[in-house]
There are 2 protein chains.
Amino acid sequence: MKRVEALRQLAFEKKGFDGFLIANEANLLYFTGFPRATCLLIPKTGKSTIYVYSVNYEQAKAEGKSFKVELVKRGEKLMEKIAAQVKDFKIKKLAVDTLNLENYRNLAKGLRGETRLKIQNKLVWELRKVKDEKELELMRKAGELTSEGMKAAYETIRPGVREYEVAAEIEYAMRKTGSWGTAFETIVASGVRSAFPHGGCTDRKIQKGDLVVVDIGATYKYYRSDMTRTVTAGKPSAKQKKIYEIVRLAQEKAFQAVKPKAKAKEVDVNARKVIEDAGYGEYFVHGLGHGVGLEVHEPPTLNQESKDRLRVGNVVTIEPGIYIVGFGGIRMEDTVLVRKRKAEKLTRGSYTLETEQ
Amino acid sequence: MKRVEALRQLAFEKKGFDGFLIANEANLLYFTGFPRATCLLIPKTGKSTIYVYSVNYEQAKAEGKSFKVELVKRGEKLMEKIAAQVKDFKIKKLAVDTLNLENYRNLAKGLRGETRLKIQNKLVWELRKVKDEKELELMRKAGELTSEGMKAAYETIRPGVREYEVAAEIEYAMRKTGSWGTAFETIVASGVRSAFPHGGCTDRKIQKGDLVVVDIGATYKYYRSDMTRTVTAGKPSAKQKKIYEIVRLAQEKAFQAVKPKAKAKEVDVNARKVIEDAGYGEYFVHGLGHGVGLEVHEPPTLNQESKDRLRVGNVVTIEPGIYIVGFGGIRMEDTVLVRKRKAEKLTRGSYTLETEQ
């Protein structure tokens with residue numbers, strides 16, 4: 001309920017709303033701790049209510065204890081039901097985090113112009129961007145589990161093994177040590193496919209000399225982590241080593257720049273400049289990183305367009321890469337917590353290119 | 001391109017549109033076969049174009065070969081770019097599958113009233129609901145892999161093992177045999193938590209006598225599968241056996257009713273009646289099933305409100321359940337293909353409640 005209170009403070013006291021409707025899945029989890037709510041209505045006066053369908057009703061009553069639990073019955077229209085409740089609460093200015101087009105139209109129709117409706121997702125992000133101690137505990141654990149997965153990748157990758165077989169070992173290692181699932185689809189992209197930043201994971205057999213980009217994440221109690229290493233199957237070539245060192249240096253320079261009040265786009269520049277100076281600027285085809293938390297891609301964004309400034313409690317990825325079609329790709333990524341002095345890496349792993357050590 | 005042609009036929013010839021914008025991720029995969037497109041614009045006259053960001057540009061050129069590939073450059077606004085292209089193609093009546101509120105507003109603004117814009121997601125579902133031979137090949141494989149996972153569940157579940165440890169063995173078994181990942185978050189819900197249909201998977205230790213609901217799915221080349229079994233850790237009680245047999249019979253009755261032209265809601269009734277007649281109607285708190293394909297929840301829907309009729313090529317789940325707080329839950333589910341005569345089960349597994357056989 002502390003998080004609901006923080007939203008009330010922000011939306012009601014500072015912004016003049018008198019009701020907030022939360023409909024986004026991750027936001028619902030953030031405010032209720034319960035993974036199966038369909039909507040949460042927070043009135044300025046009155047009890048916050050979660051709406052659930054019958055399939056999740058008993059679980060909501062058991063696990064959503066601080067909230068009033070409202071059952072959406074068979075045949076009832078959710079948005080109509082919420083609109084009626086908004087009127088009961090006498091809400092005049094309702095903020096909503098996100099709604100799809102159909103729900104937005106139905107809600108607006110139900111409110112009949114008697115309540116003003118405004119999308120205010122940014123207010124929720126203001127809160128979610130800054131992780132509290134409880135969240136950091138879970139994210140540290142997610143980071144540890146991810147690091148276990150990466151160890152398994154180093155142990156498994158060799159010529160003749162298929163990409164999905166590597167993924168099997170990685171995910172098994174994360175799960176066995178306590179992961180609740182993958183934070184996103186595991187990437188094990190080898191050879192020519194390593195040149196595609198989102199190369200996925202197929203049944204391709206890894207060849208001798210291949211670059212293999214391994215981009216993985218564990219989830220722990222809904223909190224995610226994100227980590228990439230690139231390794232070679234067998235001895236790396238001189239060019240592979242050279243480009244690897246550039247990416248490694250770019251990541252280190254960016255990591256050093258992760259500080260409170262730093263402009264996110266300048267952290268990106270720290271890495272980008274290393275890669276540009278080495279003559280590979282055009283091959284770094286994405287931003288430096290993104291926030292991580294309940295979702296794997298969150299604000300703040302670290303790229304050349306970002307207007308964000310880092311704050312203590314932000315958790316972001318630092319993931320420079322160089323991708324050359326025909327040669328392959330090299331990316332290195334860690335999930336990093338912004339702290340007062342030195343940033344803290346939540347994912348930890350080898351910085352070597354070779355698997356056979 | 002056969003699928004794009006089918007959409008052209010449906011939307012342009014029959015419905016009078018002269019352009020179709022696809023923005024939904026699964027729809028993009030369905031029409032392009034390429035997993036990283038951001039949008040696909042299909043004009044009545046002119047070449048279909050996929051839009052991608054720089055991070056996916058090289059992959060799109062390599063893998064999206066039948067389409068024109070348009071790079072969305074840094075700083076470019078996607079919806080503005082598409083609106084300009086719509087004008088170039090002289091599209092007067094544009095169908096869109098789905099757009100979020102912000103994109104819808106930006107696109108409408110970009111079109112300045114010169115092109116009519118209409119959400120037409122149902123047309124796409126008309127196609128996606130009926131799986132073609134290529135899709136069925138992948139779904140059969142996904143079903144086989146899921147069945148491998150279920151075997152691992154039967155082998156692993158015993159008192160003292162944690163839910164996530166069972167999930168680890170299931171997912172490892174699916175991955176090792178070729179799965180591209182899980183179709184949804186694995187459910188291993190034991191004891192009191194088995195009474196929650198979406199009980200998830202935690203670090204709870206399975207106790208002797210527990211009911212354990214195992215709801216899992218493998219993915220193969222983007223196609224998903226969905227299967228549930230419920231087992232006991234140790235010898236089942238008389239009540240567990242009795243309720244299990246009711247659910248088993250309900251599933252069988254529904255399976256027998258899966259035929260072309262059958263009303264989806266009547267297939268639901270076939271299962272529901274068995275459960276109601278046994279006196280447990282109020283504990284079957286969800287619909288009978290749902291379509292499966294590129295997504296794990298698709299049309300057609302099999303529940304009491306459904307207006308769907310089954311057709312040859314539909315793939316649906318049949319998953320009755322009884323959930324009693326304090327006692328636990330029992331669900332049984334298979335993914336099933338509607339065929340001319342007898343329906344075909346794509347997932348296959350034991351129908352026994354006991355793990356120790």
# chains A, B, ... in the order shown; residues from 1 in each chain; ligands from 1
>>> select_by_dssp(residues="stretch 153-311 of chain B", states="helix (DSSP H, G or I)", output="ChimeraX atom specification")
/B:153-156,163-176,191-195,238-257,264-277,281-283
>>> closest_atom_pairs(of="chain A", to="chain B", cutoff="7 Å", atoms="only C-alpha atoms", output="tab-separated table")
residue	atom	partner	partner_atom	distance
A:Ser54	CA	B:Val285	CA	5.8
A:Val55	CA	B:Val285	CA	5.2
A:Asn56	CA	B:Phe196	CA	6.8
A:Glu58	CA	B:Phe196	CA	6.8
A:Gln59	CA	B:Phe196	CA	5.7
A:Asn100	CA	B:Asn100	CA	5.4
A:Leu101	CA	B:Leu101	CA	5.2
A:Tyr164	CA	B:Gly178	CA	6.6
A:Glu165	CA	B:Lys176	CA	5.7
A:Ala168	CA	B:Arg175	CA	5.1
A:Tyr172	CA	B:Ala168	CA	5.6
A:Arg175	CA	B:Ala168	CA	5.1
A:Lys176	CA	B:Glu165	CA	5.7
A:Gly178	CA	B:Tyr164	CA	6.6
A:Trp180	CA	B:Tyr164	CA	6.8
A:Gly181	CA	B:Glu185	CA	7.0
A:Glu185	CA	B:Gly181	CA	6.9
A:Phe196	CA	B:Gln59	CA	5.7
A:Pro197	CA	B:Val55	CA	6.4
A:His198	CA	B:Asn56	CA	7.0
A:Val285	CA	B:Val55	CA	5.2
A:His286	CA	B:Val55	CA	5.3
>>> residues_around(residues="stretch 254-265 of chain B", least_positions_apart="2", cutoff="10 Å", atoms="only C-alpha atoms", output="PyMOL selection string")
chain B and resi 249-252+267-274+287-290+300-314+316-320+334+336-345
>>> residues_around(residues="A:Glu135", least_positions_apart="3", cutoff="12 Å", atoms="only C-alpha atoms", output="compact mmCIF listing (two decimals) with all heavy atoms, in the first residue's frame")
# COMPACT_ATOMS: atom_id res chain seq x y z
N ARG A 3 3.09 1.97 -2.04
CA ARG A 3 3.19 2.42 -3.44
C ARG A 3 1.92 3.12 -3.87
O ARG A 3 1.96 4.11 -4.60
CB ARG A 3 3.51 1.23 -4.34
CG ARG A 3 4.88 0.66 -4.05
CD ARG A 3 5.20 -0.54 -4.90
NE ARG A 3 6.41 -1.18 -4.39
CZ ARG A 3 6.79 -2.42 -4.68
NH1 ARG A 3 6.03 -3.17 -5.49
NH2 ARG A 3 7.89 -2.92 -4.19
N TYR A 30 2.74 -4.10 -9.63
CA TYR A 30 3.51 -3.13 -8.81
C TYR A 30 2.69 -2.61 -7.64
O TYR A 30 3.17 -2.55 -6.51
CB TYR A 30 3.96 -1.98 -9.71
CG TYR A 30 4.76 -0.91 -9.00
CD1 TYR A 30 6.09 -1.13 -8.67
CD2 TYR A 30 4.18 0.31 -8.67
CE1 TYR A 30 6.83 -0.15 -8.04
CE2 TYR A 30 4.92 1.30 -8.03
CZ TYR A 30 6.24 1.06 -7.71
OH TYR A 30 6.97 2.04 -7.08
N GLY A 33 0.75 -6.27 -5.86
CA GLY A 33 1.53 -7.47 -5.54
C GLY A 33 0.85 -8.74 -6.00
O GLY A 33 1.37 -9.85 -5.84
N ARG A 128 7.85 3.79 -10.66
CA ARG A 128 8.46 2.50 -10.98
C ARG A 128 9.93 2.61 -11.38
O ARG A 128 10.69 1.65 -11.23
CB ARG A 128 7.66 1.80 -12.10
CG ARG A 128 6.39 1.11 -11.58
CD ARG A 128 5.66 0.37 -12.67
NE ARG A 128 6.51 -0.60 -13.35
CZ ARG A 128 6.21 -1.18 -14.50
NH1 ARG A 128 5.05 -0.90 -15.10
NH2 ARG A 128 7.03 -2.04 -15.06
N LYS A 129 10.31 3.76 -11.91
CA LYS A 129 11.71 3.95 -12.32
C LYS A 129 12.68 3.86 -11.15
O LYS A 129 13.84 3.50 -11.32
CB LYS A 129 11.87 5.35 -12.97
CG LYS A 129 11.68 5.35 -14.45
CD LYS A 129 12.27 6.59 -15.10
CE LYS A 129 11.59 7.87 -14.74
NZ LYS A 129 11.94 8.99 -15.66
N VAL A 130 12.22 4.25 -9.98
CA VAL A 130 13.10 4.25 -8.79
C VAL A 130 12.73 3.04 -7.93
O VAL A 130 11.69 2.99 -7.31
CB VAL A 130 12.92 5.56 -8.00
CG1 VAL A 130 13.80 5.53 -6.76
CG2 VAL A 130 13.26 6.75 -8.88
N LYS A 131 13.62 2.06 -7.94
CA LYS A 131 13.35 0.81 -7.23
C LYS A 131 13.54 1.00 -5.72
O LYS A 131 14.53 1.60 -5.30
CB LYS A 131 14.27 -0.30 -7.74
CG LYS A 131 13.71 -1.09 -8.93
CD LYS A 131 13.56 -0.29 -10.17
CE LYS A 131 12.95 -1.08 -11.32
NZ LYS A 131 12.68 -0.22 -12.48
N ASP A 132 12.61 0.43 -4.95
CA ASP A 132 12.76 0.48 -3.50
C ASP A 132 13.57 -0.73 -3.02
O ASP A 132 13.94 -1.60 -3.81
CB ASP A 132 11.38 0.58 -2.81
CG ASP A 132 10.47 -0.59 -3.12
OD1 ASP A 132 10.96 -1.73 -3.27
OD2 ASP A 132 9.24 -0.38 -3.21
N LEU A 138 14.93 -8.35 -4.81
CA LEU A 138 14.49 -9.31 -5.82
C LEU A 138 15.33 -9.19 -7.10
O LEU A 138 15.65 -10.19 -7.74
CB LEU A 138 13.01 -9.12 -6.13
CG LEU A 138 12.07 -9.18 -4.91
CD1 LEU A 138 10.62 -8.94 -5.33
CD2 LEU A 138 12.19 -10.52 -4.19
N MET A 139 15.71 -7.96 -7.43
CA MET A 139 16.49 -7.77 -8.65
C MET A 139 17.92 -8.28 -8.50
O MET A 139 18.52 -8.75 -9.46
CB MET A 139 16.46 -6.30 -9.07
CG MET A 139 15.06 -5.87 -9.49
SD MET A 139 15.05 -4.41 -10.53
CE MET A 139 15.69 -5.11 -12.07
N ARG A 140 18.45 -8.17 -7.28
CA ARG A 140 19.79 -8.74 -7.04
C ARG A 140 19.74 -10.25 -7.22
O ARG A 140 20.62 -10.85 -7.83
CB ARG A 140 20.28 -8.38 -5.63
CG ARG A 140 20.79 -6.97 -5.52
CD ARG A 140 21.57 -6.74 -4.23
NE ARG A 140 21.97 -5.33 -4.18
CZ ARG A 140 21.31 -4.38 -3.52
NH1 ARG A 140 20.23 -4.67 -2.84
NH2 ARG A 140 21.74 -3.13 -3.56
N LYS A 141 18.68 -10.84 -6.69
CA LYS A 141 18.51 -12.29 -6.82
C LYS A 141 18.35 -12.66 -8.31
O LYS A 141 18.99 -13.61 -8.79
CB LYS A 141 17.28 -12.73 -6.01
CG LYS A 141 16.93 -14.19 -6.13
CD LYS A 141 17.78 -15.08 -5.24
CE LYS A 141 17.27 -16.51 -5.29
NZ LYS A 141 18.15 -17.46 -4.63
N ALA A 142 17.53 -11.91 -9.04
CA ALA A 142 17.35 -12.18 -10.47
C ALA A 142 18.69 -12.07 -11.20
O ALA A 142 19.00 -12.86 -12.10
CB ALA A 142 16.32 -11.23 -11.08
N TYR A 220 12.85 -13.34 -11.01
CA TYR A 220 12.64 -13.80 -9.64
C TYR A 220 11.50 -13.00 -9.03
O TYR A 220 11.57 -11.78 -8.94
CB TYR A 220 13.92 -13.66 -8.81
CG TYR A 220 13.76 -14.27 -7.44
CD1 TYR A 220 13.59 -15.64 -7.29
CD2 TYR A 220 13.72 -13.47 -6.30
CE1 TYR A 220 13.42 -16.21 -6.04
CE2 TYR A 220 13.54 -14.04 -5.05
CZ TYR A 220 13.39 -15.40 -4.93
OH TYR A 220 13.20 -15.96 -3.69
N LYS A 221 10.45 -13.71 -8.65
CA LYS A 221 9.25 -13.05 -8.10
C LYS A 221 8.87 -11.83 -8.94
O LYS A 221 8.70 -10.73 -8.42
CB LYS A 221 9.47 -12.70 -6.63
CG LYS A 221 9.62 -13.97 -5.79
CD LYS A 221 9.61 -13.71 -4.30
CE LYS A 221 9.72 -15.07 -3.56
NZ LYS A 221 9.89 -14.90 -2.11
N TYR A 222 8.73 -12.05 -10.22
CA TYR A 222 8.27 -11.07 -11.21
C TYR A 222 9.33 -10.04 -11.61
O TYR A 222 9.09 -9.26 -12.53
CB TYR A 222 6.99 -10.35 -10.76
CG TYR A 222 5.94 -11.31 -10.28
CD1 TYR A 222 5.57 -11.37 -8.94
CD2 TYR A 222 5.34 -12.21 -11.16
CE1 TYR A 222 4.63 -12.28 -8.49
CE2 TYR A 222 4.39 -13.11 -10.72
CZ TYR A 222 4.04 -13.15 -9.38
OH TYR A 222 3.10 -14.04 -8.94
N TYR A 223 10.48 -10.00 -10.95
CA TYR A 223 11.51 -9.02 -11.32
C TYR A 223 12.54 -9.66 -12.25
O TYR A 223 12.92 -10.81 -12.08
CB TYR A 223 12.16 -8.43 -10.07
CG TYR A 223 11.26 -7.36 -9.51
CD1 TYR A 223 10.21 -7.70 -8.66
CD2 TYR A 223 11.39 -6.04 -9.92
CE1 TYR A 223 9.33 -6.71 -8.20
CE2 TYR A 223 10.52 -5.06 -9.46
CZ TYR A 223 9.50 -5.40 -8.60
OH TYR A 223 8.63 -4.44 -8.17
N ARG A 224 12.95 -8.87 -13.22
CA ARG A 224 13.73 -9.40 -14.33
C ARG A 224 15.17 -8.92 -14.32
O ARG A 224 15.51 -7.97 -13.63
CB ARG A 224 13.06 -8.99 -15.65
CG ARG A 224 11.72 -9.68 -15.79
CD ARG A 224 10.82 -9.07 -16.84
NE ARG A 224 9.47 -9.50 -16.60
CZ ARG A 224 8.86 -10.52 -17.23
NH1 ARG A 224 9.48 -11.15 -18.19
NH2 ARG A 224 7.64 -10.87 -16.92
N VAL A 292 15.22 -1.76 -16.41
CA VAL A 292 14.73 -3.12 -16.19
C VAL A 292 14.02 -3.14 -14.83
O VAL A 292 14.39 -2.41 -13.92
CB VAL A 292 15.89 -4.14 -16.11
CG1 VAL A 292 15.35 -5.57 -16.11
CG2 VAL A 292 16.88 -3.95 -17.23
N GLY A 293 13.03 -3.99 -14.71
CA GLY A 293 12.32 -4.14 -13.44
C GLY A 293 11.28 -5.23 -13.59
O GLY A 293 11.63 -6.37 -13.89
N LEU A 294 10.02 -4.89 -13.40
CA LEU A 294 8.95 -5.86 -13.63
C LEU A 294 8.87 -6.19 -15.11
O LEU A 294 8.41 -7.26 -15.50
CB LEU A 294 7.61 -5.29 -13.15
CG LEU A 294 7.44 -5.20 -11.64
CD1 LEU A 294 6.23 -4.35 -11.29
CD2 LEU A 294 7.31 -6.59 -11.03
N GLY A 313 18.61 4.45 -7.58
CA GLY A 313 17.50 3.50 -7.59
C GLY A 313 17.05 3.10 -8.99
O GLY A 313 16.29 2.15 -9.15
N ASN A 314 17.53 3.79 -10.01
CA ASN A 314 17.30 3.31 -11.38
C ASN A 314 18.08 2.03 -11.59
O ASN A 314 19.21 1.91 -11.09
CB ASN A 314 17.80 4.32 -12.43
CG ASN A 314 16.98 5.59 -12.54
OD1 ASN A 314 17.42 6.57 -13.11
ND2 ASN A 314 15.77 5.59 -11.99
N VAL A 315 17.49 1.10 -12.33
CA VAL A 315 18.23 -0.10 -12.74
C VAL A 315 18.20 -0.13 -14.26
O VAL A 315 17.13 -0.11 -14.87
CB VAL A 315 17.62 -1.38 -12.16
CG1 VAL A 315 18.35 -2.61 -12.68
CG2 VAL A 315 17.68 -1.36 -10.63
N LEU A 337 22.74 -1.06 -11.20
CA LEU A 337 21.96 -0.22 -10.30
C LEU A 337 22.68 1.11 -10.08
O LEU A 337 23.86 1.13 -9.75
CB LEU A 337 21.78 -0.94 -8.96
CG LEU A 337 21.31 -0.12 -7.76
CD1 LEU A 337 19.91 0.44 -7.99
CD2 LEU A 337 21.36 -0.96 -6.48
>>> select_by_dssp(residues="stretch 29-247 of chain B", states="strand (DSSP E)", output="ChimeraX atom specification")
/B:39-43,49-53,68-72,93-96,116-119,181-182,187-190,211-216,218-220,223-224,227-232
>>> atom_distance(atom1="atom CA of A:Lys235", atom2="atom CA of A:Tyr154")
13.6 Å
>>> residues_around(residues="A:Val4", least_positions_apart="2", cutoff="9 Å", atoms="only C-alpha atoms", output="number ranges by chain")
A: 1-2, 6-9, 31-32, 42, 48
>>> write_last_selection(atoms="all heavy atoms", output="compact mmCIF listing (two decimals), in the first residue's frame")
# COMPACT_ATOMS: atom_id res chain seq x y z
N MET A 1 0.82 -1.22 0.00
CA MET A 1 0.00 0.00 0.00
C MET A 1 0.86 1.27 0.00
O MET A 1 0.37 2.34 -0.33
CB MET A 1 -0.94 0.00 1.21
CG MET A 1 -1.99 -1.10 1.16
SD MET A 1 -3.07 -1.02 -0.30
CE MET A 1 -4.24 0.27 0.18
N LYS A 2 2.10 1.14 0.37
CA LYS A 2 3.01 2.29 0.35
C LYS A 2 3.10 2.87 -1.07
O LYS A 2 3.19 4.08 -1.25
CB LYS A 2 4.42 1.81 0.77
CG LYS A 2 5.00 2.54 1.96
CD LYS A 2 6.34 1.95 2.37
CE LYS A 2 7.51 2.62 1.68
NZ LYS A 2 8.80 1.98 2.04
N ALA A 6 2.07 6.54 -2.49
CA ALA A 6 2.98 7.40 -3.27
C ALA A 6 2.29 7.91 -4.53
O ALA A 6 2.46 9.07 -4.93
CB ALA A 6 4.25 6.63 -3.62
N LEU A 7 1.48 7.04 -5.14
CA LEU A 7 0.75 7.47 -6.34
C LEU A 7 -0.32 8.50 -5.99
O LEU A 7 -0.51 9.49 -6.71
CB LEU A 7 0.12 6.26 -7.04
CG LEU A 7 -0.59 6.58 -8.36
CD1 LEU A 7 0.40 7.08 -9.42
CD2 LEU A 7 -1.35 5.37 -8.90
N ARG A 8 -1.01 8.26 -4.88
CA ARG A 8 -2.01 9.24 -4.42
C ARG A 8 -1.37 10.61 -4.24
O ARG A 8 -1.90 11.63 -4.68
CB ARG A 8 -2.58 8.81 -3.06
CG ARG A 8 -3.60 7.70 -3.09
CD ARG A 8 -3.92 7.28 -1.65
NE ARG A 8 -4.96 6.30 -1.60
CZ ARG A 8 -6.27 6.59 -1.56
NH1 ARG A 8 -6.67 7.84 -1.57
NH2 ARG A 8 -7.17 5.63 -1.54
N GLN A 9 -0.23 10.60 -3.59
CA GLN A 9 0.51 11.84 -3.34
C GLN A 9 0.79 12.57 -4.65
O GLN A 9 0.49 13.75 -4.80
CB GLN A 9 1.84 11.46 -2.65
CG GLN A 9 2.53 12.58 -1.92
CD GLN A 9 1.72 13.07 -0.73
OE1 GLN A 9 0.97 12.29 -0.12
NE2 GLN A 9 1.82 14.36 -0.43
N PHE A 31 1.44 -2.28 -7.91
CA PHE A 31 0.63 -1.66 -6.86
C PHE A 31 -0.07 -2.67 -5.95
O PHE A 31 -0.33 -2.39 -4.79
CB PHE A 31 -0.40 -0.70 -7.45
CG PHE A 31 0.21 0.56 -7.99
CD1 PHE A 31 0.21 0.83 -9.35
CD2 PHE A 31 0.81 1.47 -7.12
CE1 PHE A 31 0.79 1.99 -9.84
CE2 PHE A 31 1.39 2.64 -7.61
CZ PHE A 31 1.39 2.89 -8.98
N THR A 32 -0.40 -3.85 -6.50
CA THR A 32 -1.18 -4.80 -5.69
C THR A 32 -0.36 -5.98 -5.21
O THR A 32 -0.76 -6.66 -4.26
CB THR A 32 -2.36 -5.38 -6.51
OG1 THR A 32 -1.85 -6.27 -7.51
CG2 THR A 32 -3.18 -4.28 -7.16
N ILE A 42 -8.27 3.41 -7.89
CA ILE A 42 -7.87 4.09 -6.65
C ILE A 42 -8.62 5.41 -6.58
O ILE A 42 -8.36 6.33 -7.36
CB ILE A 42 -6.34 4.37 -6.66
CG1 ILE A 42 -5.55 3.08 -6.91
CG2 ILE A 42 -5.91 5.04 -5.36
CD1 ILE A 42 -4.08 3.32 -7.26
N SER A 48 -9.56 1.39 -2.29
CA SER A 48 -9.06 0.94 -3.58
C SER A 48 -9.60 -0.45 -3.89
O SER A 48 -9.64 -1.32 -3.02
CB SER A 48 -7.53 0.92 -3.57
OG SER A 48 -7.03 2.24 -3.44
